[in-house]
file query.txt (compact mmCIF, C-alpha atoms and all ligand atoms)
# COMPACT_ATOMS: atom_id res chain seq x y z
CA MET A 326 130.91 108.27 113.80
CA MET A 327 128.68 105.28 113.00
CA ARG A 328 125.39 105.77 114.82
CA PRO A 329 122.85 103.01 115.50
CA TYR A 330 119.80 102.77 113.23
CA ASN A 331 116.84 104.26 115.08
CA PHE A 332 113.39 102.92 114.11
CA SER A 333 111.43 105.16 116.51
CA ALA A 334 107.92 106.14 115.43
CA GLY A 335 108.43 109.67 116.75
CA PRO A 336 110.19 111.73 117.77
CA ALA A 337 112.20 109.94 115.14
CA ALA A 338 115.68 109.72 113.66
CA MET A 339 117.00 112.88 112.02
CA PRO A 340 119.52 113.03 109.16
CA ALA A 341 122.97 113.04 110.79
CA GLU A 342 124.06 115.91 108.51
CA VAL A 343 121.28 118.09 109.90
CA LEU A 344 122.28 117.36 113.49
CA GLN A 345 125.90 118.15 112.66
CA GLU A 346 124.99 121.46 111.03
CA ALA A 347 122.84 122.44 113.99
CA ALA A 348 125.70 121.52 116.34
CA ALA A 349 128.24 123.52 114.34
CA GLU A 350 125.98 126.60 114.39
CA MET A 351 124.86 126.19 118.00
CA LEU A 352 126.89 129.00 119.57
CA ASP A 353 127.11 131.38 116.64
CA TRP A 354 124.66 131.34 113.75
CA HIS A 355 126.33 132.70 110.60
CA GLY A 356 128.54 135.17 112.45
CA SER A 357 125.62 136.77 114.27
CA GLY A 358 127.18 136.01 117.66
CA MET A 359 123.92 134.35 118.70
CA SER A 360 122.47 130.87 118.84
CA VAL A 361 119.19 130.65 116.92
CA MET A 362 117.61 129.99 120.33
CA GLU A 363 118.70 133.42 121.50
CA MET A 364 117.39 135.50 118.61
CA SER A 365 114.36 137.72 118.55
CA HIS A 366 111.74 136.01 116.42
CA ARG A 367 111.12 139.36 114.75
CA GLY A 368 114.78 140.15 114.07
CA LYS A 369 116.17 140.03 110.53
CA GLU A 370 118.26 136.91 111.24
CA PHE A 371 115.36 134.74 112.35
CA MET A 372 113.01 136.22 109.75
CA ALA A 373 115.49 135.09 107.10
CA ILE A 374 115.54 131.57 108.60
CA ARG A 375 111.74 131.45 108.70
CA ASP A 376 111.26 132.80 105.18
CA LEU A 377 113.77 130.35 103.71
CA ALA A 378 112.13 127.45 105.57
CA GLU A 379 108.73 128.35 104.14
CA ALA A 380 110.09 128.87 100.62
CA ASP A 381 111.94 125.54 100.70
CA LEU A 382 108.92 123.70 102.04
CA ARG A 383 106.67 125.24 99.37
CA GLU A 384 109.14 124.11 96.73
CA LEU A 385 109.58 120.61 98.17
CA LEU A 386 105.87 119.92 98.53
CA ALA A 387 104.84 122.00 95.48
CA ILE A 388 102.36 123.94 97.61
CA PRO A 389 100.26 126.26 95.41
CA ASP A 390 99.95 129.98 96.18
CA HIS A 391 96.31 129.70 97.20
CA PHE A 392 97.42 127.81 100.33
CA GLU A 393 98.83 129.34 103.51
CA VAL A 394 101.74 127.63 105.26
CA LEU A 395 101.43 128.03 109.03
CA PHE A 396 104.08 127.15 111.61
CA MET A 397 102.11 126.36 114.76
CA GLN A 398 102.46 124.55 118.09
CA GLY A 399 100.47 121.92 119.94
CA GLY A 400 101.13 118.96 117.66
CA GLY A 401 98.65 116.77 115.86
CA LEU A 402 96.62 116.36 119.02
CA ALA A 403 96.01 120.11 119.37
CA GLU A 404 95.04 120.25 115.68
CA ASN A 405 92.34 117.69 116.46
CA ALA A 406 90.63 120.55 118.31
CA ILE A 407 91.98 123.48 116.28
CA VAL A 408 90.64 122.12 112.97
CA PRO A 409 87.02 121.85 114.14
CA LEU A 410 87.29 125.20 115.95
CA ASN A 411 88.35 126.76 112.65
CA LEU A 412 86.38 124.84 110.05
CA SER A 413 83.32 123.10 111.53
CA ARG A 414 81.14 126.14 112.40
CA GLY A 415 79.88 123.85 115.19
CA GLU A 416 77.94 121.85 112.60
CA ALA A 417 78.37 118.42 111.00
CA VAL A 418 81.70 116.91 109.94
CA ASP A 419 82.60 113.55 108.40
CA PHE A 420 85.34 111.28 109.69
CA VAL A 421 86.86 108.26 108.02
CA VAL A 422 88.15 106.12 110.88
CA THR A 423 91.04 103.92 109.85
CA GLY A 424 93.05 103.46 113.04
CA SER A 425 94.13 104.92 116.37
CA TRP A 426 94.88 108.43 115.14
CA SER A 427 91.70 109.11 113.17
CA LYS A 428 89.72 107.62 116.06
CA LYS A 429 91.39 110.06 118.43
CA SER A 430 90.76 112.95 116.04
CA ALA A 431 87.05 112.09 115.81
CA ALA A 432 86.70 111.83 119.59
CA GLU A 433 88.25 115.27 120.09
CA ALA A 434 86.18 116.90 117.33
CA GLN A 435 83.03 115.67 119.06
CA ARG A 436 83.57 118.36 121.70
CA TYR A 437 83.04 121.08 119.09
CA CYS A 438 80.75 119.73 116.38
CA ARG A 439 78.57 116.82 115.25
CA VAL A 440 80.85 114.00 114.18
CA HIS A 441 79.53 111.56 111.62
CA GLU A 442 81.53 108.41 110.93
CA ALA A 443 81.48 108.09 107.14
CA ALA A 444 83.46 104.85 107.07
CA SER A 445 85.49 102.65 109.36
CA ASN A 446 87.87 99.73 109.10
CA ALA A 447 87.29 98.74 112.73
CA PRO A 448 85.59 95.46 111.69
CA ASP A 449 88.88 94.16 110.30
CA ASN A 450 90.96 95.58 113.12
CA HIS A 451 92.33 98.55 111.11
CA THR A 452 94.18 96.42 108.58
CA SER A 453 92.53 97.67 105.36
CA LEU A 454 91.13 100.89 103.91
CA PRO A 455 87.44 101.34 103.14
CA HIS A 456 87.09 102.27 99.46
CA PRO A 457 86.07 105.94 99.00
CA GLY A 458 83.20 104.88 96.73
CA GLN A 459 81.65 103.21 99.77
CA TRP A 460 82.00 106.12 102.18
CA GLN A 461 78.69 107.43 103.53
CA LEU A 462 79.42 111.13 103.07
CA ASN A 463 77.10 113.63 104.67
CA SER A 464 75.78 116.29 102.30
CA ASP A 465 76.00 119.02 104.96
CA ALA A 466 79.45 118.10 106.30
CA GLN A 467 81.76 121.11 106.73
CA TYR A 468 84.78 118.93 105.99
CA VAL A 469 85.89 115.31 105.65
CA HIS A 470 88.76 114.17 107.87
CA ILE A 471 91.16 111.36 107.05
CA CYS A 472 94.48 110.26 108.51
CA GLY A 473 96.82 109.87 105.53
CA ASN A 474 99.08 107.44 107.33
CA GLU A 475 98.05 105.60 110.47
CA THR A 476 101.34 105.55 112.36
CA ILE A 477 100.27 102.91 114.86
CA ASN A 478 98.33 100.54 112.60
CA GLY A 479 100.56 100.85 109.54
CA VAL A 480 97.80 101.73 107.05
CA GLU A 481 98.42 104.43 104.42
CA PHE A 482 96.37 106.11 101.72
CA HIS A 483 98.47 105.71 98.58
CA GLU A 484 96.10 108.03 96.77
CA LEU A 485 94.10 110.83 98.37
CA PRO A 486 90.35 110.51 97.79
CA ASP A 487 88.91 112.78 95.09
CA LEU A 488 85.88 114.00 97.02
CA LYS A 489 84.51 116.02 94.07
CA SER A 490 84.27 112.88 91.95
CA LEU A 491 82.18 111.39 94.78
CA GLY A 492 79.77 114.33 94.55
CA CYS A 493 81.13 115.90 97.74
CA GLU A 494 82.06 119.59 97.78
CA ALA A 495 83.38 119.61 101.36
CA PRO A 496 87.12 120.22 101.84
CA LEU A 497 89.31 117.26 102.67
CA VAL A 498 91.31 117.53 105.91
CA VAL A 499 94.36 115.26 106.05
CA ASP A 500 96.43 114.43 109.09
CA PHE A 501 99.77 113.87 107.36
CA SER A 502 101.88 113.88 110.53
CA SER A 503 103.70 110.65 109.77
CA HIS A 504 104.13 110.74 106.01
CA VAL A 505 104.57 114.41 105.13
CA ALA A 506 107.46 114.90 102.69
CA SER A 507 107.73 111.14 102.08
CA ARG A 508 105.74 111.45 98.84
CA PRO A 509 104.16 114.21 96.75
CA VAL A 510 100.77 115.67 97.76
CA ASP A 511 97.95 116.19 95.25
CA TRP A 512 96.87 119.61 96.55
CA SER A 513 93.92 119.76 94.15
CA ARG A 514 92.22 117.25 96.47
CA VAL A 515 93.14 118.92 99.78
CA GLY A 516 91.53 121.69 101.83
CA LEU A 517 93.86 121.46 104.82
CA ALA A 518 96.74 119.22 105.86
CA PHE A 519 98.40 119.23 109.25
CA GLY A 520 101.21 117.37 110.94
CA GLY A 521 103.59 117.46 113.86
CA ALA A 522 107.19 117.85 112.72
CA GLN A 523 108.73 115.11 114.84
CA LYS A 524 108.21 112.19 112.45
CA ASN A 525 109.57 113.40 109.17
CA LEU A 526 110.44 117.11 109.32
CA GLY A 527 112.40 118.00 112.43
CA PRO A 528 112.19 118.27 116.20
CA ALA A 529 108.99 118.09 118.24
CA GLY A 530 107.39 121.44 119.03
CA LEU A 531 106.61 122.57 115.49
CA THR A 532 103.27 121.77 113.87
CA LEU A 533 102.83 122.36 110.17
CA VAL A 534 99.45 123.45 108.79
CA VAL A 535 98.85 123.96 105.08
CA VAL A 536 95.41 125.44 104.49
CA ARG A 537 93.51 126.73 101.47
CA LYS A 538 93.12 130.49 101.84
CA ASP A 539 89.37 130.46 101.18
CA LEU A 540 88.89 128.34 104.32
CA LEU A 541 90.25 131.07 106.62
CA GLY A 542 87.97 133.36 108.61
CA ARG A 543 85.21 130.95 109.58
CA SER A 544 86.41 130.10 113.09
CA MET A 545 84.06 129.66 116.03
CA SER A 546 84.10 132.44 118.64
CA ALA A 547 85.51 130.01 121.23
CA CYS A 548 88.63 129.47 119.11
CA PRO A 549 91.74 130.79 120.92
CA SER A 550 93.27 133.69 118.96
CA ALA A 551 96.67 131.98 118.88
CA PHE A 552 95.01 129.00 117.19
CA ASP A 553 92.81 130.91 114.75
CA TYR A 554 94.26 130.18 111.31
CA ALA A 555 93.32 133.62 109.98
CA THR A 556 95.16 135.31 112.85
CA VAL A 557 98.19 133.05 112.53
CA ALA A 558 98.28 133.64 108.76
CA SER A 559 97.95 137.41 108.97
CA HIS A 560 100.94 137.48 111.36
CA GLN A 561 103.17 135.18 109.24
CA SER A 562 102.97 132.62 112.09
CA MET A 563 104.32 135.26 114.50
CA TYR A 564 101.15 136.15 116.40
CA ASN A 565 102.80 134.60 119.41
CA THR A 566 106.43 133.49 119.66
CA PRO A 567 106.77 130.55 117.32
CA PRO A 568 108.96 127.50 118.13
CA THR A 569 111.99 129.23 116.63
CA TYR A 570 114.60 126.55 117.15
CA ALA A 571 112.34 123.79 115.83
CA ILE A 572 111.58 125.90 112.73
CA TYR A 573 115.31 126.41 112.19
CA VAL A 574 116.12 122.68 112.44
CA ALA A 575 113.16 121.82 110.20
CA GLY A 576 114.60 124.36 107.74
CA LEU A 577 117.93 122.52 107.81
CA THR A 578 116.00 119.32 107.08
CA PHE A 579 114.28 120.99 104.10
CA GLN A 580 117.72 121.94 102.75
CA TRP A 581 118.89 118.36 103.26
CA LEU A 582 115.80 117.08 101.43
CA LYS A 583 116.56 119.37 98.50
CA ARG A 584 120.16 118.12 98.36
CA GLN A 585 118.87 114.52 98.25
CA GLY A 586 116.74 115.29 95.21
CA GLY A 587 113.50 116.40 96.84
CA VAL A 588 110.30 114.59 97.64
CA ALA A 589 110.21 112.58 94.38
CA GLU A 590 113.57 111.06 95.28
CA MET A 591 112.34 110.44 98.84
CA GLU A 592 109.34 108.60 97.45
CA ARG A 593 111.61 106.46 95.29
CA ARG A 594 113.81 105.56 98.27
CA ASN A 595 110.86 105.01 100.60
CA THR A 596 109.23 102.69 98.07
CA ALA A 597 112.45 100.65 97.82
CA LYS A 598 112.89 100.50 101.61
CA ALA A 599 109.29 99.37 102.16
CA ALA A 600 109.52 96.78 99.37
CA LEU A 601 112.65 95.29 100.94
CA LEU A 602 111.13 94.97 104.41
CA TYR A 603 107.63 93.79 103.42
CA GLY A 604 109.12 91.42 100.85
CA PHE A 605 111.28 89.80 103.50
CA ILE A 606 108.42 89.54 106.01
CA ASP A 607 106.01 88.06 103.44
CA ALA A 608 108.54 85.46 102.34
CA SER A 609 109.19 84.41 105.91
CA GLY A 610 107.22 81.92 107.96
CA PHE A 611 108.64 83.40 111.15
CA TYR A 612 107.39 87.00 110.86
CA VAL A 613 104.03 88.34 109.72
CA ASN A 614 102.47 91.68 108.74
CA LYS A 615 98.66 91.72 108.86
CA VAL A 616 97.87 94.82 106.77
CA ALA A 617 96.22 94.44 103.33
CA LYS A 618 98.87 94.79 100.63
CA ASP A 619 97.26 97.72 98.81
CA CYS A 620 97.36 100.01 101.85
CA ARG A 621 100.54 99.09 103.68
CA SER A 622 102.37 102.08 105.07
CA ARG A 623 105.74 102.93 103.59
CA MET A 624 106.65 104.70 106.82
CA ASN A 625 105.52 102.47 109.67
CA VAL A 626 105.78 98.70 109.35
CA PRO A 627 104.14 96.80 112.21
CA PHE A 628 105.09 93.14 112.28
CA PHE A 629 104.81 90.18 114.60
CA LEU A 630 106.89 87.17 115.48
CA ARG A 631 104.59 84.21 115.01
CA ASP A 632 105.90 82.97 118.33
CA GLU A 633 105.39 85.98 120.58
CA THR A 634 107.26 84.40 123.49
CA ARG A 635 110.43 85.41 121.60
CA ASN A 636 109.63 89.14 121.50
CA GLU A 637 111.95 90.14 124.34
CA ALA A 638 114.86 88.13 122.92
CA PHE A 639 114.27 89.75 119.53
CA LEU A 640 114.39 93.26 120.95
CA THR A 641 117.45 92.58 123.10
CA GLY A 642 119.34 91.12 120.14
CA ALA A 643 118.30 94.02 117.93
CA LYS A 644 119.61 96.57 120.39
CA ALA A 645 122.93 94.71 120.61
CA ARG A 646 123.20 95.05 116.81
CA GLY A 647 122.52 98.79 116.91
CA LEU A 648 118.86 98.57 115.84
CA LEU A 649 116.89 100.74 118.23
CA GLN A 650 113.24 101.32 119.23
CA LEU A 651 111.60 98.42 117.39
CA LYS A 652 108.98 97.62 120.02
CA GLY A 653 105.44 97.90 118.67
CA HIS A 654 102.85 100.33 120.04
CA LYS A 655 101.20 98.91 123.14
CA SER A 656 97.75 98.94 121.53
CA VAL A 657 98.91 96.69 118.68
CA GLY A 658 101.79 94.75 120.24
CA GLY A 659 104.58 93.00 118.37
CA MET A 660 107.18 95.10 116.59
CA ARG A 661 107.13 98.26 114.52
CA ALA A 662 109.85 99.57 112.26
CA SER A 663 109.38 103.24 111.39
CA ILE A 664 111.40 103.99 108.28
CA TYR A 665 110.96 107.69 107.64
CA ASN A 666 112.98 109.80 105.21
CA ALA A 667 116.05 109.87 107.47
CA MET A 668 116.32 106.05 107.49
CA PRO A 669 118.66 104.95 104.70
CA LEU A 670 118.18 101.74 102.72
CA GLU A 671 121.26 100.39 104.52
CA GLY A 672 119.37 100.65 107.83
CA VAL A 673 116.48 98.60 106.49
CA GLN A 674 118.96 96.09 105.05
CA ALA A 675 120.64 95.83 108.48
CA LEU A 676 117.22 95.15 110.03
CA VAL A 677 116.39 92.46 107.47
CA ASP A 678 119.81 90.85 107.99
CA TYR A 679 119.22 90.80 111.73
CA MET A 680 115.70 89.37 111.33
CA ARG A 681 117.10 86.57 109.16
CA ASP A 682 119.89 85.81 111.63
CA PHE A 683 117.52 85.88 114.60
CA GLU A 684 115.19 83.43 112.91
CA GLN A 685 118.11 81.05 112.29
CA THR A 686 119.28 81.16 115.90
CA GLN A 687 115.76 80.23 116.99
CA ALA A 688 115.42 77.20 114.73
C1 LIG B 1 102.27 111.41 116.08
C2 LIG B 1 100.94 111.64 115.45
C3 LIG B 1 100.02 112.55 115.99
C4 LIG B 1 100.22 113.25 117.31
O1 LIG B 1 101.10 114.24 117.29
P1 LIG B 1 101.48 115.05 118.61
O2 LIG B 1 102.54 115.93 118.11
O3 LIG B 1 101.92 114.07 119.65
O4 LIG B 1 100.27 115.78 119.06
C5 LIG B 1 98.84 112.76 115.30
N1 LIG B 1 98.56 112.09 114.17
C6 LIG B 1 99.41 111.19 113.64
C7 LIG B 1 99.04 110.48 112.39
C8 LIG B 1 100.63 110.94 114.27
O5 LIG B 1 101.48 110.04 113.75
call {"tool": "encode", "arguments": {"input": "query.txt", "output": "structure tokens"}}
result
Amino acid sequence: MMRPYNFSAGPAAMPAEVLQEAAAEMLDWHGSGMSVMEMSHRGKEFMAIRDLAEADLRELLAIPDHFEVLFMQGGGLAENAIVPLNLSRGEAVDFVVTGSWSKKSAAEAQRYCRVHEAASNAPDNHTSLPHPGQWQLNSDAQYVHICGNETINGVEFHELPDLKSLGCEAPLVVDFSSHVASRPVDWSRVGLAFGGAQKNLGPAGLTLVVVRKDLLGRSMSACPSAFDYATVASHQSMYNTPPTYAIYVAGLTFQWLKRQGGVAEMERRNTAKAALLYGFIDASGFYVNKVAKDCRSRMNVPFFLRDETRNEAFLTGAKARGLLQLKGHKSVGGMRASIYNAMPLEGVQALVDYMRDFEQTQA
């Protein structure tokens, strides 16, 4: 079956093979007589699913042994509170504000600790990245928060900052919700990374946290037990019932990623997809992307029709061609094409072909 190309920012398109496998195993997982949804989370069947998912993810992302992998719930928004509850000690933290998501993270953290804005790209409307050498880092900050990829604004860190080289010993916290597994992670620069699964890993409901073990055990007393990283880690993410089905489907996605050639191959494909789309937009006088070239997101490509009165016609025509969910976020307007791992190059080519045709019909 030929499915439409789905450019949703999240929950986002899944690899069709993964959906088919989940469908085939829906009523009876591996002869167990049970759907994964119906299994005890502590039974040997689900434990095997969980353990394989963690092992595959560690392999895919090359996560070192001195990091814990936690399967949590609550999404990126809950982590905006859970991170300060676990790491801030109620003291000072630094935020680098580069768009809607880091702004939201900073506002939530303010309820638990003293938030210091170390840098911001607000003056140029979130279309560039402030250079790390210019960040005003606080010497007593408990951590430094960045959003690795700003899903709404389309700005991405193509290299994580090396805080040590800036004279900063605080751990780096990265919200990698919308680009996890799209590219390798330099863990030597990271203290904690978190992300909801629904952009690039699997269904909504699962939140991934990867945290350096030495950062566990400093939570504030107000931190809910189910959200205390040390508690979650000591129970292998089974302190409370984890989102079992979402973990299972994410595990199928990890297997799919391995069959594709892993994260290095994903990065190669994502680079090619982004180059095709940005290249077309830049060469066109009809469409425009406003983000500085050195920090354009490979995952989320916001773009505008120079004549915005044609937006509705563009979206209607796109849908008729099987190109779904291209409307931009309401805070930015225009269009947005999210081209996560599950989007093949052919999907981006179909979008570019449509954009070219649409421009010609409007001439
Ligand atoms: C989607 C997203 C979130 C929010 O995730 P929820 O699961 O809705 O809480 C946070 N940060 C980034 C960068 C995102 O893209």
call {"tool": "atom_distance", "arguments": {"input": "query.txt", "atom1": "atom CA of A:Gly658", "atom2": "atom CA of A:Glu404"}}
result
26.8 Å
call {"tool": "residues_around", "arguments": {"input": "query.txt", "residues": "A:Gly653", "least_positions_apart": "5", "cutoff": "8 Å", "atoms": "all atoms listed in the file", "output": "list in words"}}
result
Pro627, Phe628, Gly658, Gly659, Met660, Arg661 and Ala662 of chain A
call {"tool": "closest_residue", "arguments": {"input": "query.txt", "among": "A:Gln561, A:Thr476, A:Asn666, A:Asn636", "to": "A:Glu393", "atoms": "only C-alpha atoms"}}
result
A:Gln561
call {"tool": "closest_residue", "arguments": {"input": "query.txt", "among": "A:Val408, A:Ala417, A:Leu395, A:Cys438", "to": "A:Pro568", "atoms": "only C-alpha atoms"}}
result
A:Leu395
call {"tool": "atom_distance", "arguments": {"input": "query.txt", "atom1": "atom CA of A:Cys472", "atom2": "atom CA of A:Asp500"}}
result
4.6 Å
call {"tool": "residues_near_ligand", "arguments": {"input": "query.txt", "ligand": "ligand LIG 1 (chain B)", "cutoff": "9 Å", "atoms": "all atoms listed in the file", "output": "PDB file with C-alpha atoms, in the coordinates of the input"}}
result
ATOM      1  CA  ALA A 334     107.920 106.140 115.430  1.00  0.00           C
ATOM      2  CA  GLY A 335     108.430 109.670 116.750  1.00  0.00           C
ATOM      3  CA  PRO A 336     110.190 111.730 117.770  1.00  0.00           C
ATOM      4  CA  GLN A 398     102.460 124.550 118.090  1.00  0.00           C
ATOM      5  CA  GLY A 399     100.470 121.920 119.940  1.00  0.00           C
ATOM      6  CA  GLY A 400     101.130 118.960 117.660  1.00  0.00           C
ATOM      7  CA  GLY A 401      98.650 116.770 115.860  1.00  0.00           C
ATOM      8  CA  LEU A 402      96.620 116.360 119.020  1.00  0.00           C
ATOM      9  CA  ALA A 403      96.010 120.110 119.370  1.00  0.00           C
ATOM     10  CA  GLU A 404      95.040 120.250 115.680  1.00  0.00           C
ATOM     11  CA  ASN A 405      92.340 117.690 116.460  1.00  0.00           C
ATOM     12  CA  SER A 425      94.130 104.920 116.370  1.00  0.00           C
ATOM     13  CA  TRP A 426      94.880 108.430 115.140  1.00  0.00           C
ATOM     14  CA  SER A 427      91.700 109.110 113.170  1.00  0.00           C
ATOM     15  CA  LYS A 429      91.390 110.060 118.430  1.00  0.00           C
ATOM     16  CA  SER A 430      90.760 112.950 116.040  1.00  0.00           C
ATOM     17  CA  CYS A 472      94.480 110.260 108.510  1.00  0.00           C
ATOM     18  CA  GLY A 473      96.820 109.870 105.530  1.00  0.00           C
ATOM     19  CA  ASN A 474      99.080 107.440 107.330  1.00  0.00           C
ATOM     20  CA  GLU A 475      98.050 105.600 110.470  1.00  0.00           C
ATOM     21  CA  THR A 476     101.340 105.550 112.360  1.00  0.00           C
ATOM     22  CA  ILE A 477     100.270 102.910 114.860  1.00  0.00           C
ATOM     23  CA  ASP A 500      96.430 114.430 109.090  1.00  0.00           C
ATOM     24  CA  PHE A 501      99.770 113.870 107.360  1.00  0.00           C
ATOM     25  CA  SER A 502     101.880 113.880 110.530  1.00  0.00           C
ATOM     26  CA  SER A 503     103.700 110.650 109.770  1.00  0.00           C
ATOM     27  CA  HIS A 504     104.130 110.740 106.010  1.00  0.00           C
ATOM     28  CA  PHE A 519      98.400 119.230 109.250  1.00  0.00           C
ATOM     29  CA  GLY A 520     101.210 117.370 110.940  1.00  0.00           C
ATOM     30  CA  GLY A 521     103.590 117.460 113.860  1.00  0.00           C
ATOM     31  CA  ALA A 522     107.190 117.850 112.720  1.00  0.00           C
ATOM     32  CA  GLN A 523     108.730 115.110 114.840  1.00  0.00           C
ATOM     33  CA  LYS A 524     108.210 112.190 112.450  1.00  0.00           C
ATOM     34  CA  ALA A 529     108.990 118.090 118.240  1.00  0.00           C
ATOM     35  CA  GLY A 530     107.390 121.440 119.030  1.00  0.00           C
ATOM     36  CA  LEU A 531     106.610 122.570 115.490  1.00  0.00           C
ATOM     37  CA  THR A 532     103.270 121.770 113.870  1.00  0.00           C
TER      38      THR A 532
END
call {"tool": "closest_residue", "arguments": {"input": "query.txt", "among": "A:Ala600, A:Met680, A:Met362, A:Leu485", "to": "A:Leu630", "atoms": "only C-alpha atoms"}}
result
A:Met680
call {"tool": "residues_near_point", "arguments": {"input": "query.txt", "point": "(94.6, 133.8, 114.1)", "cutoff": "12 Å", "atoms": "only C-alpha atoms", "output": "PyMOL selection string"}}
result
chain A and resi 395-397+407+410-411+541-546+548-565
